[in-house]
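Structure file query-v4.txt with compact mmCIF, C-alpha atoms:
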# COMPACT_ATOMS: atom_id res chain seq x y z
CA MET A 1162 18.77 -15.81 -37.61
CA ALA A 1163 20.71 -12.63 -36.92
CA THR A 1164 23.48 -11.86 -39.40
CA LEU A 1165 26.63 -9.95 -38.53
CA GLY A 1166 28.46 -8.61 -41.57
CA ILE A 1167 31.43 -6.41 -42.37
CA PHE A 1168 31.02 -2.83 -43.60
CA LEU A 1169 33.71 -1.98 -46.18
CA SER A 1170 34.55 1.72 -46.32
CA SER A 1171 35.16 3.12 -49.81
CA GLU A 1172 35.88 6.47 -48.15
CA GLU A 1173 38.90 5.08 -46.28
CA HIS A 1174 40.43 2.39 -48.46
CA SER A 1175 41.58 1.73 -52.01
CA ALA A 1176 39.86 -0.83 -54.20
CA PRO A 1177 42.68 -3.41 -53.88
CA PHE A 1178 42.62 -3.03 -50.07
CA LEU A 1179 38.84 -3.47 -49.97
CA VAL A 1180 38.97 -6.55 -52.18
CA ASP A 1181 41.65 -8.10 -49.99
CA THR A 1182 39.70 -7.24 -46.83
CA ALA A 1183 36.57 -8.88 -48.26
CA ARG A 1184 38.54 -12.04 -49.00
CA LYS A 1185 39.96 -12.11 -45.47
CA ALA A 1186 36.55 -11.34 -43.96
CA GLU A 1187 35.00 -14.36 -45.64
CA ALA A 1188 37.88 -16.52 -44.40
CA ALA A 1189 37.29 -15.16 -40.88
CA GLY A 1190 33.65 -16.24 -40.94
CA PHE A 1191 31.75 -13.21 -42.25
CA ARG A 1192 29.12 -14.16 -44.82
CA ALA A 1193 27.81 -10.71 -45.75
CA ALA A 1194 29.21 -7.26 -46.51
CA TRP A 1195 28.07 -3.72 -47.03
CA ILE A 1196 30.24 -1.52 -49.23
CA SER A 1197 29.79 2.25 -49.43
CA ASP A 1198 29.33 4.04 -52.77
CA HIS A 1199 30.93 7.50 -52.79
CA PHE A 1200 32.53 9.91 -55.23
CA HIS A 1201 34.21 11.86 -52.41
CA PRO A 1202 35.24 10.80 -48.93
CA TRP A 1203 33.57 12.74 -46.14
CA THR A 1204 36.93 14.23 -45.11
CA SER A 1205 40.33 14.37 -46.76
CA THR A 1206 41.79 12.37 -43.87
CA GLN A 1207 39.68 9.40 -44.95
CA GLY A 1208 41.34 9.94 -48.29
CA GLU A 1209 39.86 7.43 -50.81
CA SER A 1210 36.90 7.05 -53.18
CA PRO A 1211 37.28 4.10 -55.58
CA PHE A 1212 34.51 3.33 -58.07
CA VAL A 1213 32.38 0.86 -56.18
CA TRP A 1214 31.29 -1.18 -59.19
CA ALA A 1215 34.85 -2.04 -60.12
CA THR A 1216 35.55 -2.94 -56.49
CA ILE A 1217 32.52 -5.25 -56.39
CA GLY A 1218 33.84 -7.07 -59.45
CA GLY A 1219 37.10 -7.67 -57.60
CA ILE A 1220 35.27 -8.92 -54.52
CA ALA A 1221 33.25 -11.32 -56.66
CA ALA A 1222 36.47 -12.78 -58.04
CA VAL A 1223 38.01 -13.59 -54.63
CA THR A 1224 35.00 -14.76 -52.59
CA ASP A 1225 32.74 -17.77 -52.82
CA GLU A 1226 29.85 -17.13 -50.42
CA LEU A 1227 30.01 -13.49 -49.32
CA ARG A 1228 26.81 -11.56 -49.96
CA VAL A 1229 27.38 -7.94 -50.98
CA THR A 1230 25.03 -4.95 -50.63
CA THR A 1231 25.84 -1.38 -51.62
CA GLY A 1232 25.42 0.78 -48.54
CA VAL A 1233 24.10 2.84 -50.29
CA THR A 1234 23.98 3.89 -53.95
CA CYS A 1235 22.25 7.08 -55.08
CA PRO A 1236 20.73 6.32 -58.52
CA THR A 1237 19.34 9.79 -59.19
CA VAL A 1238 21.80 12.59 -59.98
CA ARG A 1239 25.44 11.59 -60.49
CA MET A 1240 24.40 8.40 -62.31
CA HIS A 1241 21.24 7.88 -64.35
CA PRO A 1242 19.15 4.99 -63.03
CA ALA A 1243 19.50 3.15 -66.35
CA ILE A 1244 23.28 3.03 -65.82
CA VAL A 1245 22.89 1.94 -62.20
CA ALA A 1246 20.48 -0.75 -63.40
CA GLN A 1247 23.14 -2.05 -65.79
CA ALA A 1248 25.85 -1.93 -63.10
CA ALA A 1249 23.68 -3.73 -60.55
CA ALA A 1250 22.58 -6.37 -63.04
CA THR A 1251 26.19 -7.10 -63.93
CA ALA A 1252 27.17 -7.26 -60.25
CA ALA A 1253 24.36 -9.74 -59.65
CA THR A 1254 25.65 -11.99 -62.45
CA MET A 1255 29.10 -11.95 -60.83
CA LEU A 1256 27.66 -12.72 -57.39
CA PRO A 1257 25.12 -15.41 -58.37
CA GLY A 1258 22.65 -17.16 -56.16
CA GLY A 1259 21.26 -13.98 -54.67
CA ARG A 1260 24.62 -12.78 -53.36
CA PHE A 1261 24.10 -9.16 -54.49
CA ALA A 1262 21.59 -6.57 -53.31
CA LEU A 1263 21.33 -2.95 -54.35
CA GLY A 1264 21.07 -0.60 -51.41
CA VAL A 1265 19.75 2.81 -52.49
CA GLY A 1266 19.13 6.18 -50.93
CA SER A 1267 18.39 9.77 -51.87
CA GLY A 1268 22.07 10.71 -51.64
CA GLU A 1269 24.22 13.55 -50.42
CA ALA A 1270 25.28 16.76 -52.12
CA LEU A 1271 28.87 15.75 -51.33
CA ASN A 1272 28.75 13.13 -54.08
CA GLU A 1273 25.94 14.23 -56.34
CA HIS A 1274 26.79 17.88 -57.05
CA ILE A 1275 29.86 17.06 -59.13
CA LEU A 1276 28.23 17.38 -62.57
CA GLY A 1277 26.82 20.80 -61.74
CA ALA A 1278 23.16 19.88 -61.29
CA PRO A 1279 21.36 21.78 -58.52
CA TRP A 1280 20.84 19.80 -55.33
CA PRO A 1281 17.08 19.22 -54.94
CA ASN A 1282 15.08 19.56 -51.75
CA VAL A 1283 14.18 16.40 -49.87
CA GLU A 1284 10.73 16.02 -51.41
CA ARG A 1285 12.15 16.15 -54.93
CA ARG A 1286 15.03 13.83 -54.02
CA LEU A 1287 12.60 11.21 -52.76
CA ALA A 1288 10.39 11.56 -55.84
CA MET A 1289 13.48 11.09 -58.02
CA LEU A 1290 14.46 7.99 -56.04
CA GLU A 1291 11.01 6.46 -56.43
CA GLU A 1292 11.07 6.98 -60.19
CA ALA A 1293 14.66 5.73 -60.41
CA VAL A 1294 13.71 2.44 -58.73
CA GLU A 1295 10.79 2.13 -61.16
CA VAL A 1296 13.18 2.61 -64.10
CA MET A 1297 15.66 0.05 -62.79
CA ARG A 1298 13.03 -2.61 -62.18
CA MET A 1299 11.60 -1.98 -65.63
CA LEU A 1300 15.00 -2.65 -67.23
CA TRP A 1301 15.64 -5.71 -65.05
CA SER A 1302 12.41 -7.25 -66.35
CA GLY A 1303 14.05 -7.84 -69.73
CA GLY A 1304 13.14 -6.67 -73.19
CA LEU A 1305 13.18 -3.27 -74.85
CA HIS A 1306 11.85 -0.34 -72.83
CA SER A 1307 11.23 3.39 -73.07
CA HIS A 1308 10.26 5.66 -70.21
CA HIS A 1309 9.22 9.31 -70.21
CA GLY A 1310 8.78 10.39 -66.61
CA GLU A 1311 8.97 13.56 -64.60
CA HIS A 1312 12.67 13.16 -63.87
CA TYR A 1313 14.08 10.55 -66.28
CA THR A 1314 13.88 9.55 -69.91
CA VAL A 1315 14.85 6.14 -71.25
CA ASP A 1316 14.80 5.68 -75.01
CA ARG A 1317 14.51 2.10 -76.34
CA ALA A 1318 16.94 0.56 -73.87
CA ARG A 1319 17.50 -3.11 -73.17
CA LEU A 1320 19.79 -4.81 -70.68
CA TYR A 1321 21.17 -7.91 -72.37
CA SER A 1322 23.24 -9.14 -69.39
CA LEU A 1323 20.77 -9.98 -66.66
CA PRO A 1324 20.91 -12.22 -63.58
CA ASP A 1325 18.47 -15.08 -63.15
CA GLU A 1326 16.55 -12.93 -60.66
CA PRO A 1327 16.66 -9.13 -60.31
CA PRO A 1328 18.58 -7.90 -57.28
CA PRO A 1329 16.53 -6.87 -54.26
CA VAL A 1330 16.39 -3.13 -53.65
CA ILE A 1331 17.17 -2.18 -50.06
CA VAL A 1332 16.01 1.39 -49.38
CA SER A 1333 17.56 3.56 -46.67
CA GLY A 1334 15.51 5.98 -44.63
CA PHE A 1335 16.19 8.30 -41.70
CA GLY A 1336 13.07 10.46 -41.51
CA GLU A 1337 9.32 10.02 -41.73
CA GLN A 1338 9.11 10.70 -45.49
CA SER A 1339 12.03 8.50 -46.47
CA VAL A 1340 10.88 5.61 -44.28
CA ALA A 1341 7.42 5.81 -45.82
CA LEU A 1342 9.00 5.65 -49.28
CA ALA A 1343 11.18 2.71 -48.25
CA ALA A 1344 8.09 0.85 -47.03
CA ARG A 1345 6.30 1.52 -50.31
CA ILE A 1346 9.03 0.57 -52.79
CA GLY A 1347 11.69 -1.40 -50.93
CA ASP A 1348 12.50 -5.09 -50.81
CA GLY A 1349 14.18 -4.29 -47.50
CA TYR A 1350 15.17 -1.39 -45.27
CA ALA A 1351 18.55 0.10 -44.31
CA SER A 1352 19.59 2.45 -41.52
CA THR A 1353 22.60 3.43 -39.45
CA MET A 1354 20.76 3.92 -36.16
CA PRO A 1355 19.40 1.34 -33.68
CA ASP A 1356 16.05 3.09 -33.88
CA ALA A 1357 13.14 0.75 -33.21
CA ASP A 1358 10.59 3.47 -34.01
CA LEU A 1359 11.89 3.96 -37.56
CA LEU A 1360 11.85 0.25 -38.19
CA ARG A 1361 8.34 0.01 -36.75
CA ARG A 1362 7.24 2.78 -39.15
CA TYR A 1363 8.71 0.77 -42.00
CA ARG A 1364 6.89 -2.40 -40.99
CA ASP A 1365 3.62 -0.60 -40.22
CA GLY A 1366 3.79 1.04 -43.64
CA GLY A 1367 3.86 -2.34 -45.33
CA GLY A 1368 7.64 -2.68 -45.55
CA ARG A 1369 8.87 -6.19 -46.21
CA GLY A 1370 12.15 -8.07 -46.34
CA MET A 1371 15.34 -7.75 -44.36
CA ALA A 1372 16.10 -4.77 -42.14
CA GLN A 1373 19.81 -3.94 -42.37
CA ALA A 1374 21.92 -1.50 -40.39
CA GLY A 1375 25.49 -0.28 -40.47
CA MET A 1376 27.70 0.92 -37.60
CA LYS A 1377 31.31 1.81 -36.86
CA VAL A 1378 33.80 0.55 -34.29
CA CYS A 1379 37.48 1.10 -33.64
CA PHE A 1380 39.15 -2.02 -32.30
CA GLY A 1381 42.66 -1.91 -30.85
CA ALA A 1382 44.64 -2.75 -27.75
CA ASP A 1383 44.63 0.84 -26.42
CA GLU A 1384 41.16 2.32 -25.99
CA ALA A 1385 42.38 5.92 -25.77
CA GLU A 1386 44.38 5.52 -28.97
CA CYS A 1387 41.32 4.04 -30.68
CA VAL A 1388 39.26 7.06 -29.64
CA ARG A 1389 41.91 9.37 -31.07
CA ARG A 1390 42.00 7.39 -34.31
CA ALA A 1391 38.21 7.42 -34.68
CA HIS A 1392 38.13 11.15 -33.95
CA ARG A 1393 40.86 11.84 -36.50
CA ILE A 1394 39.35 9.78 -39.30
CA TRP A 1395 35.58 9.92 -38.69
CA PRO A 1396 34.69 13.08 -36.72
CA ASN A 1397 31.72 13.55 -39.05
CA GLU A 1398 30.11 10.42 -37.60
CA VAL A 1399 28.32 12.51 -34.97
CA LEU A 1400 27.35 15.55 -37.05
CA PRO A 1401 23.65 16.24 -36.43
CA GLY A 1402 20.57 16.71 -38.57
CA GLU A 1403 20.69 17.18 -42.33
CA LEU A 1404 24.33 18.25 -42.56
CA ALA A 1405 25.24 14.90 -44.09
CA GLN A 1406 22.88 15.59 -46.99
CA ILE A 1407 23.61 19.23 -47.79
CA LEU A 1408 27.32 20.01 -47.32
CA VAL A 1409 29.16 19.97 -50.63
CA THR A 1410 32.88 19.23 -50.14
CA PRO A 1411 35.12 17.35 -47.72
CA ALA A 1412 36.42 20.74 -46.58
CA HIS A 1413 32.91 21.65 -45.40
CA TYR A 1414 32.71 18.46 -43.33
CA GLU A 1415 36.14 19.13 -41.89
CA ALA A 1416 35.05 22.62 -40.83
CA ALA A 1417 31.82 21.36 -39.27
CA SER A 1418 33.71 18.56 -37.53
CA GLU A 1419 35.90 21.04 -35.67
CA LEU A 1420 32.99 21.15 -33.21
CA VAL A 1421 33.29 17.41 -32.55
CA THR A 1422 35.29 16.35 -29.49
CA GLU A 1423 36.98 13.06 -28.67
CA GLU A 1424 34.46 12.61 -25.86
CA MET A 1425 31.59 12.79 -28.38
CA ILE A 1426 33.23 10.11 -30.52
CA ALA A 1427 33.91 7.91 -27.47
CA ASP A 1428 30.21 8.08 -26.62
CA ALA A 1429 29.10 7.22 -30.16
CA VAL A 1430 31.67 4.66 -31.38
CA PRO A 1431 32.71 1.47 -29.53
CA CYS A 1432 36.47 1.80 -29.13
CA GLY A 1433 39.16 -0.45 -27.72
CA PRO A 1434 39.61 -4.16 -26.95
CA ASP A 1435 36.61 -4.89 -24.69
CA PRO A 1436 34.41 -7.47 -26.46
CA GLU A 1437 31.50 -6.63 -24.17
CA LYS A 1438 31.45 -3.05 -25.43
CA HIS A 1439 31.44 -4.15 -29.09
CA ALA A 1440 28.82 -6.84 -28.53
CA ALA A 1441 26.53 -4.50 -26.57
CA ALA A 1442 26.55 -1.90 -29.34
CA ILE A 1443 25.71 -4.54 -31.94
CA GLN A 1444 22.98 -6.02 -29.75
CA GLU A 1445 21.21 -2.65 -29.64
CA PHE A 1446 20.43 -3.04 -33.35
CA PHE A 1447 19.18 -6.60 -33.00
CA ASP A 1448 17.09 -5.59 -29.98
CA ALA A 1449 15.55 -2.83 -32.12
CA GLY A 1450 14.45 -5.47 -34.63
CA TYR A 1451 17.15 -5.35 -37.29
CA ASP A 1452 17.97 -8.64 -39.02
CA GLU A 1453 21.47 -7.81 -40.24
CA VAL A 1454 24.14 -5.55 -38.75
CA TYR A 1455 27.26 -4.50 -40.66
CA VAL A 1456 30.33 -3.38 -38.70
CA GLN A 1457 33.01 -1.06 -40.06
CA GLN A 1458 36.44 -1.04 -38.45
CA ILE A 1459 37.92 2.47 -38.50
CA GLY A 1460 41.53 2.54 -39.65
CA ASP A 1461 43.92 0.34 -41.59
CA ASP A 1462 44.33 -2.49 -39.09
CA GLN A 1463 41.67 -4.74 -40.52
CA ASP A 1464 43.58 -7.96 -39.80
CA ALA A 1465 43.51 -7.48 -36.03
CA PHE A 1466 39.84 -6.49 -36.19
CA LEU A 1467 38.96 -9.61 -38.20
CA GLY A 1468 40.86 -11.83 -35.80
CA PHE A 1469 39.17 -10.26 -32.78
CA TYR A 1470 35.70 -10.52 -34.30
CA ALA A 1471 36.24 -14.10 -35.47
CA LYS A 1472 37.20 -15.15 -31.95
CA GLU A 1473 35.17 -12.88 -29.67
CA ILE A 1474 32.17 -11.45 -31.51
CA LEU A 1475 30.93 -13.59 -34.40
CA PRO A 1476 30.29 -16.65 -32.19
CA ARG A 1477 27.93 -14.58 -30.04
CA PHE A 1478 25.67 -13.86 -33.00
CA SER A 1479 25.83 -17.11 -34.93

Will you turn the file into C-alpha cells for me?
Amino acid sequence: MATLGIFLSSEEHSAPFLVDTARKAEAAGFRAAWISDHFHPWTSTQGESPFVWATIGGIAAVTDELRVTTGVTCPTVRMHPAIVAQAAATAATMLPGGRFALGVGSGEALNEHILGAPWPNVERRLAMLEEAVEVMRMLWSGGLHSHHGEHYTVDRARLYSLPDEPPPVIVSGFGEQSVALAARIGDGYASTMPDADLLRRYRDGGGRGMAQAGMKVCFGADEAECVRRAHRIWPNEVLPGELAQILVTPAHYEAASELVTEEMIADAVPCGPDPEKHAAAIQEFFDAGYDEVYVQQIGDDQDAFLGFYAKEILPRFS
C-alpha cells in the first residue's frame, strides 16, 4: 500500500515547532515522517538548524504511531559512525516497534566541512559511507567491538542501549555510483526525484526494501503568493548538478540562487490550493515505483497544510 508521509524541515523550523508539527500531523492522519538532518540551513532565509537527534526524542514523546526516518543523515565526516550508531539506536528505543529508520547519504560540504576536514571527492565519500554503515551495523549487533578500517577506527566500543531490532538503513542515491552502493548495502532506497530509471537501477542491482522519496509543496489560498514564498525560502530547490554537494556556506547557495526565477520554482514545486496539482505531483512518484512519498510544506503555515491534506489529499492515497 502506498504511504504518504510528512517531511519535516530542520532547515526551516525550530525543534519545538517540528515536534508540535509532528504531533499535529499524526492527529491529521499521517503515519510516517521524514526529518532532515542539517548543521546549516541551505540559505539564511530558511534560518534554522536544530540538532535532529534531540528533535526526534521530542517527537517520540508526543506521538504514538508515527514512523520517523532521517532524510538523510551523513555518518561520515561531521559525526563518526560510532556516534551516529549510538544516536540511532537510542532513537529506535524511543520509537519502538520498528518506528525508526536511519536514512543515510554521502552528505554535503555545507554541513560536513565545519570541523575543518577536507571535503572528499565522490568516490571517497561513497567508500566512507559504505564503511560507516558497516561500523554502525557492527555496533548494533551487540557486544564489544573494535574496527580498524581505511577511514574509521573503533576501539573496544559497546552500545549498551539497543533496540530489540537494529534500525533499517535507508540509503539515498542520485547518480549511478550512489545508487549501486544503495543497492549493495541498503535496507531501502531514498530519493527526491520521481525517477523510475534510478529506482530500476536500485532494484536491478539487488536493492531491497522500501523505496522512499521526498518532495516539496507550498499550499495556500493564493497560488501567486505561494510561488513567491517558495521562491523566497527555497530557491535552491532547483539548483542543478552537484552544487548541492560542494558549496560550503548558505551565502554560496544564496549567490547561486540569484539565477533562479519564480517561474522556475512554479514549474518545480506544486503551489496553491488546487488539490489536483498536489495529487498529480505525488502520483508521479508512485507511478515511478516509490512506496512512500514524504511531502514538505514550505513556510510556517503548517496547520492549514495539514487540514488541506487531511481532507483533500490523504484519502486519495489511503

Margin query: Nearest residue to Leu1467 in chain A out of A:Ile1443, A:Leu1360, A:Cys1379, A:Ile1196, using all atoms listed in the file?
Written below: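 That would be A:Cys1379, the residue with the smallest distance to Leu1467 in chain A.
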
Name all residues at most 6 Å from range 1388-1403 of chain A (count all atoms listed in the file; drop same-chain ones fewer than 2 positions away) and give them as a PDB file with C-alpha atoms, in the coordinates of the input.
ATOM      1  CA  THR A1206      41.790  12.370 -43.870  1.00  0.00           C
ATOM      2  CA  GLN A1207      39.680   9.400 -44.950  1.00  0.00           C
ATOM      3  CA  ALA A1385      42.380   5.920 -25.770  1.00  0.00           C
ATOM      4  CA  GLU A1386      44.380   5.520 -28.970  1.00  0.00           C
ATOM      5  CA  ALA A1405      25.240  14.900 -44.090  1.00  0.00           C
ATOM      6  CA  GLN A1406      22.880  15.590 -46.990  1.00  0.00           C
ATOM      7  CA  SER A1418      33.710  18.560 -37.530  1.00  0.00           C
ATOM      8  CA  GLU A1423      36.980  13.060 -28.670  1.00  0.00           C
ATOM      9  CA  ALA A1427      33.910   7.910 -27.470  1.00  0.00           C
ATOM     10  CA  CYS A1432      36.470   1.800 -29.130  1.00  0.00           C
TER      11      CYS A1432
END

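The interatomic distance for the pair CA of Phe1469 in chain A and CA of Ala1441 in chain A works out to 15.2 Å.
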
List every residue of range 1354-1453 of chain A that has an atom at most 12 Å from any atom of range 1233-1253 of chain A, giving for each one its closest atom pair and the distance in Å to one decimal, counting all atoms listed in the file, sorted by chain and then by ascending residue number, as a tab-separated table.
residue	atom	partner	partner_atom	distance
A:Gln1373	CA	A:Val1233	CA	11.3
A:Ala1374	CA	A:Val1233	CA	11.0
A:Gly1375	CA	A:Val1233	CA	10.4
A:Gln1406	CA	A:Cys1235	CA	11.8

Residue selection dump (C-alpha atoms) as a short mmCIF file (atom, residue, chain, number, x, y, z; two decimals), in the frame of the given file:
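Listing of again_31.cif after writing:
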data_model
loop_
_atom_site.label_atom_id
_atom_site.label_comp_id
_atom_site.auth_asym_id
_atom_site.auth_seq_id
_atom_site.Cartn_x
_atom_site.Cartn_y
_atom_site.Cartn_z
CA GLN A 1373 19.81 -3.94 -42.37
CA ALA A 1374 21.92 -1.50 -40.39
CA GLY A 1375 25.49 -0.28 -40.47
CA GLN A 1406 22.88 15.59 -46.99
#

Next item on the list: Return the single residue from A:Asp1428, A:Glu1453, A:Glu1295, A:Asp1464 that is closest to Gly1381 in chain A, with distances computed using only C-alpha atoms.
Entry: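 The shortest atom-to-atom distance to Gly1381 in chain A comes from A:Asp1464.
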
Check: So how far away is CA of Asp1462 in chain A from CA of Thr1422 in chain A, in Å?
Finding: 23.0 Å

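CA of Ala1343 in chain A lies 10.9 Å from CA of Gly1264 in chain A.
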
Checklist line | Shell around range 1317-1332 of chain A at 6 Å using only C-alpha atoms, local window under 4 positions removed, as a PyMOL selection string | finding: chain A and resi 1250+1253-1254+1262-1266+1301+1304-1307+1343+1347-1351

Just to be explicit: take each residue in the selection above, keep C-alpha atoms, and write the result as a short mmCIF file (atom, residue, chain, number, x, y, z; two decimals), in the coordinates of the input.
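As a result, result.cif now contains:
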data_model
loop_
_atom_site.label_atom_id
_atom_site.label_comp_id
_atom_site.auth_asym_id
_atom_site.auth_seq_id
_atom_site.Cartn_x
_atom_site.Cartn_y
_atom_site.Cartn_z
CA ALA A 1250 22.58 -6.37 -63.04
CA ALA A 1253 24.36 -9.74 -59.65
CA THR A 1254 25.65 -11.99 -62.45
CA ALA A 1262 21.59 -6.57 -53.31
CA LEU A 1263 21.33 -2.95 -54.35
CA GLY A 1264 21.07 -0.60 -51.41
CA VAL A 1265 19.75 2.81 -52.49
CA GLY A 1266 19.13 6.18 -50.93
CA TRP A 1301 15.64 -5.71 -65.05
CA GLY A 1304 13.14 -6.67 -73.19
CA LEU A 1305 13.18 -3.27 -74.85
CA HIS A 1306 11.85 -0.34 -72.83
CA SER A 1307 11.23 3.39 -73.07
CA ALA A 1343 11.18 2.71 -48.25
CA GLY A 1347 11.69 -1.40 -50.93
CA ASP A 1348 12.50 -5.09 -50.81
CA GLY A 1349 14.18 -4.29 -47.50
CA TYR A 1350 15.17 -1.39 -45.27
CA ALA A 1351 18.55 0.10 -44.31
#

If we count all atoms listed in the file and set the cut-off at 9 Å, which residues sit around Arg1192 in chain A, ignoring sequence neighbours fewer than 2 positions away in its own chain? Please answer as a PDB file with C-alpha atoms, in the coordinates of the input.
ATOM      1  CA  THR A1164      23.480 -11.860 -39.400  1.00  0.00           C
ATOM      2  CA  LEU A1165      26.630  -9.950 -38.530  1.00  0.00           C
ATOM      3  CA  GLY A1166      28.460  -8.610 -41.570  1.00  0.00           C
ATOM      4  CA  ILE A1167      31.430  -6.410 -42.370  1.00  0.00           C
ATOM      5  CA  ALA A1186      36.550 -11.340 -43.960  1.00  0.00           C
ATOM      6  CA  GLU A1187      35.000 -14.360 -45.640  1.00  0.00           C
ATOM      7  CA  GLY A1190      33.650 -16.240 -40.940  1.00  0.00           C
ATOM      8  CA  ALA A1194      29.210  -7.260 -46.510  1.00  0.00           C
ATOM      9  CA  GLU A1226      29.850 -17.130 -50.420  1.00  0.00           C
ATOM     10  CA  LEU A1227      30.010 -13.490 -49.320  1.00  0.00           C
ATOM     11  CA  ARG A1228      26.810 -11.560 -49.960  1.00  0.00           C
ATOM     12  CA  VAL A1229      27.380  -7.940 -50.980  1.00  0.00           C
TER      13      VAL A1229
END

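Comparing A:Asp1435, A:Asp1198, A:Asp1356, A:Glu1424 by their smallest distance to Phe1447 in chain A, the closest is A:Asp1356 (using only C-alpha atoms).
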
Note to self: Just checking: using all atoms listed in the file, which residue out of A:Val1296, A:Ala1288, A:Ala1193, A:Val1378 ends up closest to His1439 in chain A?
What the structure shows: A:Val1378

Item checked: Nearest to Ala1449 in chain A, chosen from A:Arg1184, A:Arg1361, A:Arg1477, A:Lys1377, with all atoms listed in the file counted in the distances -> A:Arg1361

Notebook entry, point to check: Nearest to Pro1476 in chain A: which of A:Val1456, A:Ala1440, A:Leu1408, A:Leu1420 is it, counting only C-alpha atoms?
Noted result: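 Counting only C-alpha atoms, the residue closest to Pro1476 in chain A is A:Ala1440.
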
Note to self: Give me the residues near Leu1287 in chain A as a ChimeraX atom specification, where near means some atom within 8 Å (using all atoms listed in the file) and where sequence neighbours in that chain fewer than 4 positions away do not count.
What the structure shows: /A:1267,1283,1291,1339,1342

Next item on the list: For range 1178-1183 of chain A, list every protein, DNA or RNA residue within 8 Å, evaluated using all atoms listed in the file, and leave out those in the same chain fewer than 3 positions away; present the list as a PyMOL selection string.
Entry: chain A and resi 1169-1171+1174-1175+1186-1187+1194+1216-1217+1219-1220+1223-1224+1463
